[in-house]
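Peer 1: This is target-v5.pdb, which holds PDB, C-alpha atoms:
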ATOM      1  CA  MET A 110     119.070  29.919  11.472  1.00  0.00           C
ATOM      2  CA  GLU A 111     116.323  28.601  13.730  1.00  0.00           C
ATOM      3  CA  VAL A 112     113.356  26.739  12.298  1.00  0.00           C
ATOM      4  CA  LYS A 113     110.840  29.249  13.665  1.00  0.00           C
ATOM      5  CA  PHE A 114     112.406  32.015  11.554  1.00  0.00           C
ATOM      6  CA  LEU A 115     112.771  29.835   8.468  1.00  0.00           C
ATOM      7  CA  LEU A 116     109.086  28.921   8.678  1.00  0.00           C
ATOM      8  CA  LYS A 117     108.250  32.460   7.548  1.00  0.00           C
ATOM      9  CA  ASP A 118     109.832  31.759   4.154  1.00  0.00           C
ATOM     10  CA  GLU A 119     107.431  30.054   1.738  1.00  0.00           C
ATOM     11  CA  VAL A 120     110.283  28.532  -0.282  1.00  0.00           C
ATOM     12  CA  PHE A 121     111.797  26.928   2.821  1.00  0.00           C
ATOM     13  CA  VAL A 122     108.384  25.705   3.987  1.00  0.00           C
ATOM     14  CA  ASP A 123     107.785  23.927   0.681  1.00  0.00           C
ATOM     15  CA  PHE A 124     111.170  22.178   0.742  1.00  0.00           C
ATOM     16  CA  PHE A 125     110.949  21.322   4.448  1.00  0.00           C
ATOM     17  CA  ASN A 126     107.394  19.975   4.128  1.00  0.00           C
ATOM     18  CA  THR A 127     108.568  17.778   1.260  1.00  0.00           C
ATOM     19  CA  PHE A 128     111.294  16.384   3.490  1.00  0.00           C
ATOM     20  CA  LEU A 129     108.959  15.951   6.467  1.00  0.00           C
ATOM     21  CA  SER A 130     106.476  14.001   4.352  1.00  0.00           C
ATOM     22  CA  LEU A 131     108.981  11.298   3.414  1.00  0.00           C
ATOM     23  CA  PRO A 132     107.521   7.877   4.249  1.00  0.00           C
ATOM     24  CA  VAL A 133     110.533   6.990   6.399  1.00  0.00           C
ATOM     25  CA  PHE A 134     109.144   9.115   9.237  1.00  0.00           C
ATOM     26  CA  GLY A 135     106.351   7.730  11.381  1.00  0.00           C
ATOM     27  CA  LEU A 136     105.012  11.136  12.367  1.00  0.00           C
ATOM     28  CA  THR A 137     104.480  13.630   9.566  1.00  0.00           C
ATOM     29  CA  PRO A 138     104.133  17.239  10.627  1.00  0.00           C
ATOM     30  CA  LEU A 139     103.267  19.631   7.803  1.00  0.00           C
ATOM     31  CA  TYR A 140     103.393  23.375   8.224  1.00  0.00           C
ATOM     32  CA  MET A 141     100.598  25.418   6.680  1.00  0.00           C
ATOM     33  CA  LEU A 142     102.168  28.829   6.107  1.00  0.00           C
ATOM     34  CA  LYS A 143      98.945  30.654   5.235  1.00  0.00           C
ATOM     35  CA  ASP A 144      97.230  29.424   8.391  1.00  0.00           C
ATOM     36  CA  ASN A 145     100.396  29.613  10.493  1.00  0.00           C
ATOM     37  CA  LYS A 146      99.734  26.172  11.963  1.00  0.00           C
ATOM     38  CA  TRP A 147     100.945  22.594  11.927  1.00  0.00           C
ATOM     39  CA  LEU A 148      99.013  19.581  10.711  1.00  0.00           C
ATOM     40  CA  MET A 149     100.021  16.169  11.999  1.00  0.00           C
ATOM     41  CA  TRP A 150      99.682  12.761  10.456  1.00  0.00           C
ATOM     42  CA  PRO A 151      98.655  10.472  12.087  1.00  0.00           C
ATOM     43  CA  ASN A 152      96.201  12.983  13.390  1.00  0.00           C
ATOM     44  CA  VAL A 153      97.351  14.501  16.678  1.00  0.00           C
ATOM     45  CA  PRO A 154      95.371  17.413  18.076  1.00  0.00           C
ATOM     46  CA  PHE A 155      97.969  20.162  17.927  1.00  0.00           C
ATOM     47  CA  ALA A 156      96.387  21.889  20.899  1.00  0.00           C
ATOM     48  CA  GLN A 157      97.959  19.117  22.989  1.00  0.00           C
ATOM     49  CA  VAL A 158     101.432  19.842  21.598  1.00  0.00           C
ATOM     50  CA  ASN A 159     103.724  22.401  23.220  1.00  0.00           C
ATOM     51  CA  THR A 160     104.845  24.558  20.271  1.00  0.00           C
ATOM     52  CA  GLY A 161     108.209  25.529  21.771  1.00  0.00           C
ATOM     53  CA  VAL A 162     109.090  21.937  22.622  1.00  0.00           C
ATOM     54  CA  PHE A 163     107.827  20.767  19.236  1.00  0.00           C
ATOM     55  CA  LEU A 164     110.031  23.266  17.377  1.00  0.00           C
ATOM     56  CA  LYS A 165     113.046  22.133  19.421  1.00  0.00           C
ATOM     57  CA  TRP A 166     112.187  18.542  18.562  1.00  0.00           C
ATOM     58  CA  LEU A 167     111.959  19.494  14.876  1.00  0.00           C
ATOM     59  CA  GLU A 168     115.313  21.237  15.108  1.00  0.00           C
ATOM     60  CA  THR A 169     117.086  18.227  16.624  1.00  0.00           C
ATOM     61  CA  HIS A 170     115.244  15.321  14.992  1.00  0.00           C
ATOM     62  CA  ARG A 171     114.369  16.581  11.529  1.00  0.00           C
ATOM     63  CA  MET A 172     116.250  19.753  10.605  1.00  0.00           C
ATOM     64  CA  VAL A 173     119.633  18.155  11.305  1.00  0.00           C
ATOM     65  CA  PHE A 174     118.903  15.417   8.778  1.00  0.00           C
ATOM     66  CA  PHE A 175     117.259  17.779   6.309  1.00  0.00           C
ATOM     67  CA  LYS A 176     120.483  19.796   6.125  1.00  0.00           C
ATOM     68  CA  GLN A 177     122.353  16.678   5.014  1.00  0.00           C
ATOM     69  CA  THR A 178     120.122  16.017   2.009  1.00  0.00           C
ATOM     70  CA  GLU A 179     120.411  17.030  -1.607  1.00  0.00           C
ATOM     71  CA  LEU A 180     116.920  18.488  -1.197  1.00  0.00           C
ATOM     72  CA  TYR A 181     118.203  21.024   1.342  1.00  0.00           C
ATOM     73  CA  HIS A 182     121.068  22.020  -0.912  1.00  0.00           C
ATOM     74  CA  SER A 183     118.642  22.360  -3.813  1.00  0.00           C
ATOM     75  CA  PHE A 184     116.755  24.753  -1.526  1.00  0.00           C
ATOM     76  CA  ILE A 185     119.999  26.688  -0.975  1.00  0.00           C
ATOM     77  CA  LEU A 186     120.569  26.842  -4.743  1.00  0.00           C
ATOM     78  CA  CYS A 187     116.987  27.954  -5.312  1.00  0.00           C
ATOM     79  CA  THR A 188     117.380  30.675  -2.686  1.00  0.00           C
ATOM     80  CA  GLU A 189     120.667  31.831  -4.198  1.00  0.00           C
ATOM     81  CA  ILE A 190     119.115  32.111  -7.664  1.00  0.00           C
ATOM     82  CA  LEU A 191     116.106  34.009  -6.321  1.00  0.00           C
ATOM     83  CA  GLU A 192     118.334  36.353  -4.305  1.00  0.00           C
ATOM     84  CA  PHE A 193     120.560  36.938  -7.321  1.00  0.00           C
ATOM     85  CA  ALA A 194     117.526  37.737  -9.467  1.00  0.00           C
ATOM     86  CA  SER A 195     116.322  40.325  -6.968  1.00  0.00           C
ATOM     87  CA  SER A 196     119.728  41.860  -6.206  1.00  0.00           C
ATOM     88  CA  LYS A 197     121.076  45.182  -7.434  1.00  0.00           C
ATOM     89  CA  SER A 198     123.596  43.386  -9.641  1.00  0.00           C
ATOM     90  CA  THR A 199     120.758  42.424 -11.996  1.00  0.00           C
ATOM     91  CA  ASP A 200     119.940  46.038 -12.854  1.00  0.00           C
ATOM     92  CA  ASP A 201     121.647  45.534 -16.212  1.00  0.00           C
ATOM     93  CA  LEU A 202     119.231  42.706 -16.953  1.00  0.00           C
ATOM     94  CA  LYS A 203     116.322  45.145 -16.609  1.00  0.00           C
ATOM     95  CA  TRP A 204     114.221  42.768 -14.515  1.00  0.00           C
ATOM     96  CA  THR A 205     110.887  44.205 -13.529  1.00  0.00           C
ATOM     97  CA  PRO A 206     109.181  43.313 -10.251  1.00  0.00           C
ATOM     98  CA  ALA A 207     106.783  41.230 -12.353  1.00  0.00           C
ATOM     99  CA  ASP A 208     109.722  39.230 -13.754  1.00  0.00           C
ATOM    100  CA  GLN A 209     111.038  38.626 -10.246  1.00  0.00           C
ATOM    101  CA  TRP A 210     107.594  37.603  -9.004  1.00  0.00           C
ATOM    102  CA  LEU A 211     107.206  35.193 -11.926  1.00  0.00           C
ATOM    103  CA  LEU A 212     110.639  33.684 -11.303  1.00  0.00           C
ATOM    104  CA  ARG A 213     109.798  33.211  -7.618  1.00  0.00           C
ATOM    105  CA  LYS A 214     106.485  31.544  -8.482  1.00  0.00           C
ATOM    106  CA  CYS A 215     108.027  29.302 -11.140  1.00  0.00           C
ATOM    107  CA  LEU A 216     111.247  28.375  -9.366  1.00  0.00           C
ATOM    108  CA  GLY A 217     110.541  28.903  -5.659  1.00  0.00           C
ATOM    109  CA  SER A 218     109.358  25.403  -4.784  1.00  0.00           C
ATOM    110  CA  VAL A 219     110.438  21.781  -4.956  1.00  0.00           C
ATOM    111  CA  ARG A 220     108.388  21.287  -8.119  1.00  0.00           C
ATOM    112  CA  GLY A 221     109.839  24.482  -9.552  1.00  0.00           C
ATOM    113  CA  ILE A 222     113.443  23.418  -9.036  1.00  0.00           C
ATOM    114  CA  GLN A 223     112.595  19.952 -10.410  1.00  0.00           C
ATOM    115  CA  ARG A 224     111.100  21.537 -13.524  1.00  0.00           C
ATOM    116  CA  PHE A 225     114.153  23.770 -13.821  1.00  0.00           C
ATOM    117  CA  ARG A 226     116.441  20.748 -13.649  1.00  0.00           C
ATOM    118  CA  SER A 227     114.267  18.874 -16.161  1.00  0.00           C
ATOM    119  CA  PHE A 228     114.472  21.859 -18.489  1.00  0.00           C
ATOM    120  CA  LEU A 229     118.270  21.750 -18.246  1.00  0.00           C
ATOM    121  CA  LYS A 230     118.452  17.977 -18.776  1.00  0.00           C
ATOM    122  CA  GLY A 231     121.031  17.011 -21.351  1.00  0.00           C
ATOM    123  CA  THR A 232     122.740  20.411 -21.324  1.00  0.00           C
ATOM    124  CA  ALA A 233     125.989  21.593 -19.771  1.00  0.00           C
ATOM    125  CA  GLU A 234     123.933  23.665 -17.338  1.00  0.00           C
ATOM    126  CA  GLU A 235     122.460  20.476 -15.862  1.00  0.00           C
ATOM    127  CA  GLU A 236     125.937  19.522 -14.728  1.00  0.00           C
ATOM    128  CA  LEU A 237     126.543  23.041 -13.397  1.00  0.00           C
ATOM    129  CA  VAL A 238     123.439  22.820 -11.214  1.00  0.00           C
ATOM    130  CA  LEU A 239     124.429  19.405  -9.859  1.00  0.00           C
ATOM    131  CA  PHE A 240     127.959  20.692  -9.285  1.00  0.00           C
ATOM    132  CA  CYS A 241     126.639  23.663  -7.285  1.00  0.00           C
ATOM    133  CA  VAL A 242     124.451  21.387  -5.154  1.00  0.00           C
ATOM    134  CA  ARG A 243     127.310  18.975  -4.480  1.00  0.00           C
ATOM    135  CA  VAL A 244     129.763  21.764  -3.651  1.00  0.00           C
ATOM    136  CA  SER A 245     127.197  23.223  -1.264  1.00  0.00           C
ATOM    137  CA  MET A 246     126.895  19.818   0.418  1.00  0.00           C
ATOM    138  CA  LEU A 247     130.664  19.509   0.643  1.00  0.00           C
ATOM    139  CA  LEU A 248     131.099  22.978   2.112  1.00  0.00           C
ATOM    140  CA  SER A 249     128.421  22.329   4.730  1.00  0.00           C
ATOM    141  CA  MET A 250     130.186  19.098   5.715  1.00  0.00           C
ATOM    142  CA  LYS A 251     133.403  21.019   6.245  1.00  0.00           C
ATOM    143  CA  GLU A 252     131.614  23.395   8.630  1.00  0.00           C
ATOM    144  CA  GLU A 253     130.373  20.593  10.873  1.00  0.00           C
ATOM    145  CA  ASN A 254     132.277  18.714  13.541  1.00  0.00           C
ATOM    146  CA  GLU A 255     133.977  15.839  11.850  1.00  0.00           C
ATOM    147  CA  ASN A 256     133.715  12.241  12.928  1.00  0.00           C
ATOM    148  CA  GLU A 257     134.769   9.110  11.079  1.00  0.00           C
ATOM    149  CA  LEU A 258     131.510   8.741   9.167  1.00  0.00           C
ATOM    150  CA  GLN A 259     131.461  12.442   8.298  1.00  0.00           C
ATOM    151  CA  THR A 260     135.023  12.226   6.986  1.00  0.00           C
ATOM    152  CA  LEU A 261     134.124   9.192   4.890  1.00  0.00           C
ATOM    153  CA  ASN A 262     131.050  10.955   3.479  1.00  0.00           C
ATOM    154  CA  GLN A 263     133.146  14.003   2.720  1.00  0.00           C
ATOM    155  CA  GLN A 264     135.798  11.960   0.914  1.00  0.00           C
ATOM    156  CA  THR A 265     133.120  10.117  -1.063  1.00  0.00           C
ATOM    157  CA  LEU A 266     131.514  13.369  -2.141  1.00  0.00           C
ATOM    158  CA  GLN A 267     134.888  14.889  -3.045  1.00  0.00           C
ATOM    159  CA  THR A 268     135.638  11.847  -5.179  1.00  0.00           C
ATOM    160  CA  ALA A 269     132.235  12.082  -6.879  1.00  0.00           C
ATOM    161  CA  ILE A 270     132.805  15.773  -7.609  1.00  0.00           C
ATOM    162  CA  ARG A 271     136.290  15.116  -8.907  1.00  0.00           C
ATOM    163  CA  LEU A 272     135.207  12.237 -11.152  1.00  0.00           C
ATOM    164  CA  SER A 273     131.941  13.728 -12.393  1.00  0.00           C
ATOM    165  CA  HIS A 274     132.699  17.403 -12.661  1.00  0.00           C
ATOM    166  CA  LEU A 275     136.442  17.970 -12.670  1.00  0.00           C
ATOM    167  CA  SER A 276     137.547  15.360 -15.168  1.00  0.00           C
ATOM    168  CA  GLU A 277     138.474  15.914 -18.790  1.00  0.00           C
ATOM    169  CA  GLY A 278     135.443  16.649 -20.950  1.00  0.00           C
ATOM    170  CA  SER A 279     133.163  17.749 -18.117  1.00  0.00           C
ATOM    171  CA  ALA A 280     130.942  20.777 -18.611  1.00  0.00           C
ATOM    172  CA  ILE A 281     132.531  22.469 -15.609  1.00  0.00           C
ATOM    173  CA  LEU A 282     135.997  22.374 -17.129  1.00  0.00           C
ATOM    174  CA  SER A 283     134.621  23.367 -20.516  1.00  0.00           C
ATOM    175  CA  VAL A 284     132.890  26.409 -19.055  1.00  0.00           C
ATOM    176  CA  CYS A 285     135.735  27.437 -16.791  1.00  0.00           C
ATOM    177  CA  HIS A 286     138.470  26.549 -19.307  1.00  0.00           C
ATOM    178  CA  THR A 287     140.988  25.665 -16.593  1.00  0.00           C
ATOM    179  CA  GLY A 288     141.008  23.554 -13.479  1.00  0.00           C
ATOM    180  CA  GLU A 289     142.328  26.546 -11.516  1.00  0.00           C
ATOM    181  CA  THR A 290     139.072  28.444 -11.960  1.00  0.00           C
ATOM    182  CA  VAL A 291     137.108  25.494 -10.626  1.00  0.00           C
ATOM    183  CA  CYS A 292     139.397  25.221  -7.607  1.00  0.00           C
ATOM    184  CA  LEU A 293     138.805  28.916  -7.017  1.00  0.00           C
ATOM    185  CA  CYS A 294     135.048  28.260  -6.971  1.00  0.00           C
ATOM    186  CA  PHE A 295     135.495  25.787  -4.102  1.00  0.00           C
ATOM    187  CA  SER A 296     136.857  28.571  -1.928  1.00  0.00           C
ATOM    188  CA  LEU A 297     134.120  31.071  -2.812  1.00  0.00           C
ATOM    189  CA  PRO A 298     130.702  31.354  -1.199  1.00  0.00           C
ATOM    190  CA  LEU A 299     128.013  29.549  -3.167  1.00  0.00           C
ATOM    191  CA  ASN A 300     126.358  32.739  -4.373  1.00  0.00           C
ATOM    192  CA  THR A 301     129.671  34.010  -5.761  1.00  0.00           C
ATOM    193  CA  ALA A 302     130.355  30.709  -7.479  1.00  0.00           C
ATOM    194  CA  LEU A 303     126.844  30.777  -8.951  1.00  0.00           C
ATOM    195  CA  PHE A 304     127.376  34.312 -10.131  1.00  0.00           C
ATOM    196  CA  LEU A 305     130.575  33.233 -11.867  1.00  0.00           C
ATOM    197  CA  PHE A 306     128.857  30.301 -13.533  1.00  0.00           C
ATOM    198  CA  PHE A 307     125.912  32.340 -14.767  1.00  0.00           C
ATOM    199  CA  CYS A 308     128.220  35.036 -16.112  1.00  0.00           C
ATOM    200  CA  LEU A 309     130.610  32.726 -17.941  1.00  0.00           C
TER     201      LEU A 309
END
Could you write out this file's structure as structure tokens?
Peer 2:
Amino acid sequence: MEVKFLLKDEVFVDFFNTFLSLPVFGLTPLYMLKDNKWLMWPNVPFAQVNTGVFLKWLETHRMVFFKQTELYHSFILCTEILEFASSKSTDDLKWTPADQWLLRKCLGSVRGIQRFRSFLKGTAEEELVLFCVRVSMLLSMKEENENELQTLNQQTLQTAIRLSHLSEGSAILSVCHTGETVCLCFSLPLNTALFLFFCL
């Protein structure tokens, strides 16, 4: 999806702004969703910037790298949880619109997902969250054109997943009971895998 459409989503904006404000970048553009405008640091009068060209620049010079980060895949996880909470399949949970609003406010940001992960620290669910993020990263790598570095990154991530999450005594195997169920999760879309994990 193009950046200009994603910029309408407050959850995406929070995660993307966090990425854009990393000190590694010399120019820090921050998007102010309420004002529908960009702020630049160092200060550049945005009136001098062509918005269309700027968004293309963002797409090629920032978004590409953002999609390779754990932060982006935490955004995907956050989105999946929020979508699951607002879907028809949660009717049995008797969630009210107020519950969904509260969940979105509490979880729908970088700080929210960090708090969520802190809350899960030391539990089996902490490993499940990390597993979901890593699987999301792995699946996105498989969708891209592969080069030598990409293949190496993919193999490294697969090894990390195998050693951390698919070895004897891991929370993933404990929850799923068999390695076959976990392998099945690799072939499912992330939201389906999440649904399985939350229902087990």
Peer 1: Within 8 Å of range 169-184 of chain A, which residues of range 205-277 of chain A show up? Give each one with its shortest atom-to-atom distance in Å (one decimal) and the two atoms involved, counting all atoms listed in the file, rows by chain then rising residue number, as a Markdown table.
Peer 2:
| residue | atom | partner | partner_atom | distance |
| --- | --- | --- | --- | --- |
| A:Val219 | CA | A:Phe184 | CA | 7.8 |
| A:Ile222 | CA | A:Ser183 | CA | 7.4 |
| A:Val242 | CA | A:His182 | CA | 5.5 |
| A:Arg243 | CA | A:Glu179 | CA | 7.7 |
| A:Ser245 | CA | A:His182 | CA | 6.3 |
| A:Met246 | CA | A:His182 | CA | 6.4 |
Peer 1: Those same residues - C-alpha atoms - I'd like them written as a compact mmCIF listing (two decimals), in the frame of the given file.
Peer 2:
# COMPACT_ATOMS: atom_id res chain seq x y z
CA VAL A 219 110.44 21.78 -4.96
CA ILE A 222 113.44 23.42 -9.04
CA VAL A 242 124.45 21.39 -5.15
CA ARG A 243 127.31 18.98 -4.48
CA SER A 245 127.20 23.22 -1.26
CA MET A 246 126.90 19.82 0.42
Peer 1: What does the structure give for the distance between CA of Trp150 in chain A and CA of Leu136 in chain A, in Å to one decimal?
Peer 2: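 Here the two named atoms are 5.9 Å from each other.
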Peer 1: Please give the centre and size of the box around range 251-265 of chain A (axis-aligned, containing every atom listed in the file, 5 Å added per side), with values in Å to one decimal and written as JSON.
Peer 2:
{"center_x": 133.1, "center_y": 16.1, "center_z": 6.2, "size_x": 15.4, "size_y": 24.7, "size_z": 24.6}
Peer 1: Name all residues at most 10 Å from Leu116 in chain A (count only C-alpha atoms; drop same-chain ones fewer than 6 positions away) and give them as a VMD selection string.
Peer 2: chain A and resid 122 to 123 125 140 to 142 145
Peer 1: Selection from above, C-alpha atoms, as a compact mmCIF listing (two decimals), keeping the file's coordinate frame, can you write it?
Peer 2:
# COMPACT_ATOMS: atom_id res chain seq x y z
CA VAL A 122 108.38 25.70 3.99
CA ASP A 123 107.78 23.93 0.68
CA PHE A 125 110.95 21.32 4.45
CA TYR A 140 103.39 23.38 8.22
CA MET A 141 100.60 25.42 6.68
CA LEU A 142 102.17 28.83 6.11
CA ASN A 145 100.40 29.61 10.49
Peer 1: At a cut-off of 12 Å around the point (124.3, 21.1, -23.4) (file coordinates), what residues fall inside when counting only C-alpha atoms? I'd like the answer as a PyMOL selection string.
Peer 2: chain A and resi 228-237+279-281+283-284
Peer 1: CA of Gln209 in chain A and CA of Glu192 in chain A, how far apart in Å?
Peer 2: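 Separation between CA of Glu192 in chain A and CA of Gln209 in chain A: 9.7 Å.
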Peer 1: So how far away is CA of Thr127 in chain A from CA of Glu189 in chain A, in Å?
Peer 2: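 Those two atoms sit 19.3 Å apart.
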Peer 1: Skip Asn262 in chain A itself and residues of its chain fewer than 4 positions away, then list as a VMD selection string all residues within 12 Å of it, counting all atoms listed in the file.
Peer 2: chain A and resid 177 243 246 to 247 249 to 251 255 to 258 266 to 269
Peer 1: Export C-alpha atoms of the chosen residues as an mmCIF file, in the frame of the given file?
Peer 2:
data_model
loop_
_atom_site.group_PDB
_atom_site.id
_atom_site.type_symbol
_atom_site.label_atom_id
_atom_site.label_comp_id
_atom_site.auth_asym_id
_atom_site.auth_seq_id
_atom_site.Cartn_x
_atom_site.Cartn_y
_atom_site.Cartn_z
ATOM 1 C CA GLN A 177 122.353 16.678 5.014
ATOM 2 C CA ARG A 243 127.310 18.975 -4.480
ATOM 3 C CA MET A 246 126.895 19.818 0.418
ATOM 4 C CA LEU A 247 130.664 19.509 0.643
ATOM 5 C CA SER A 249 128.421 22.329 4.730
ATOM 6 C CA MET A 250 130.186 19.098 5.715
ATOM 7 C CA LYS A 251 133.403 21.019 6.245
ATOM 8 C CA GLU A 255 133.977 15.839 11.850
ATOM 9 C CA ASN A 256 133.715 12.241 12.928
ATOM 10 C CA GLU A 257 134.769 9.110 11.079
ATOM 11 C CA LEU A 258 131.510 8.741 9.167
ATOM 12 C CA LEU A 266 131.514 13.369 -2.141
ATOM 13 C CA GLN A 267 134.888 14.889 -3.045
ATOM 14 C CA THR A 268 135.638 11.847 -5.179
ATOM 15 C CA ALA A 269 132.235 12.082 -6.879
#
Peer 1: Select, from A:Val120, A:Lys146, A:Val162, A:Pro138, the residue with the minimum atom-to-atom distance to Thr188 in chain A, counting all atoms listed in the file.
Peer 2: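 Under the stated criterion, the closest residue is A:Val120.
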Peer 1: Given the file above and the PyMOL selection byres ((chain A and resi 151) around 10), which residues are selected, and can you give them as a PyMOL selection string?
Peer 2: chain A and resi 135-138+148-150+152-154
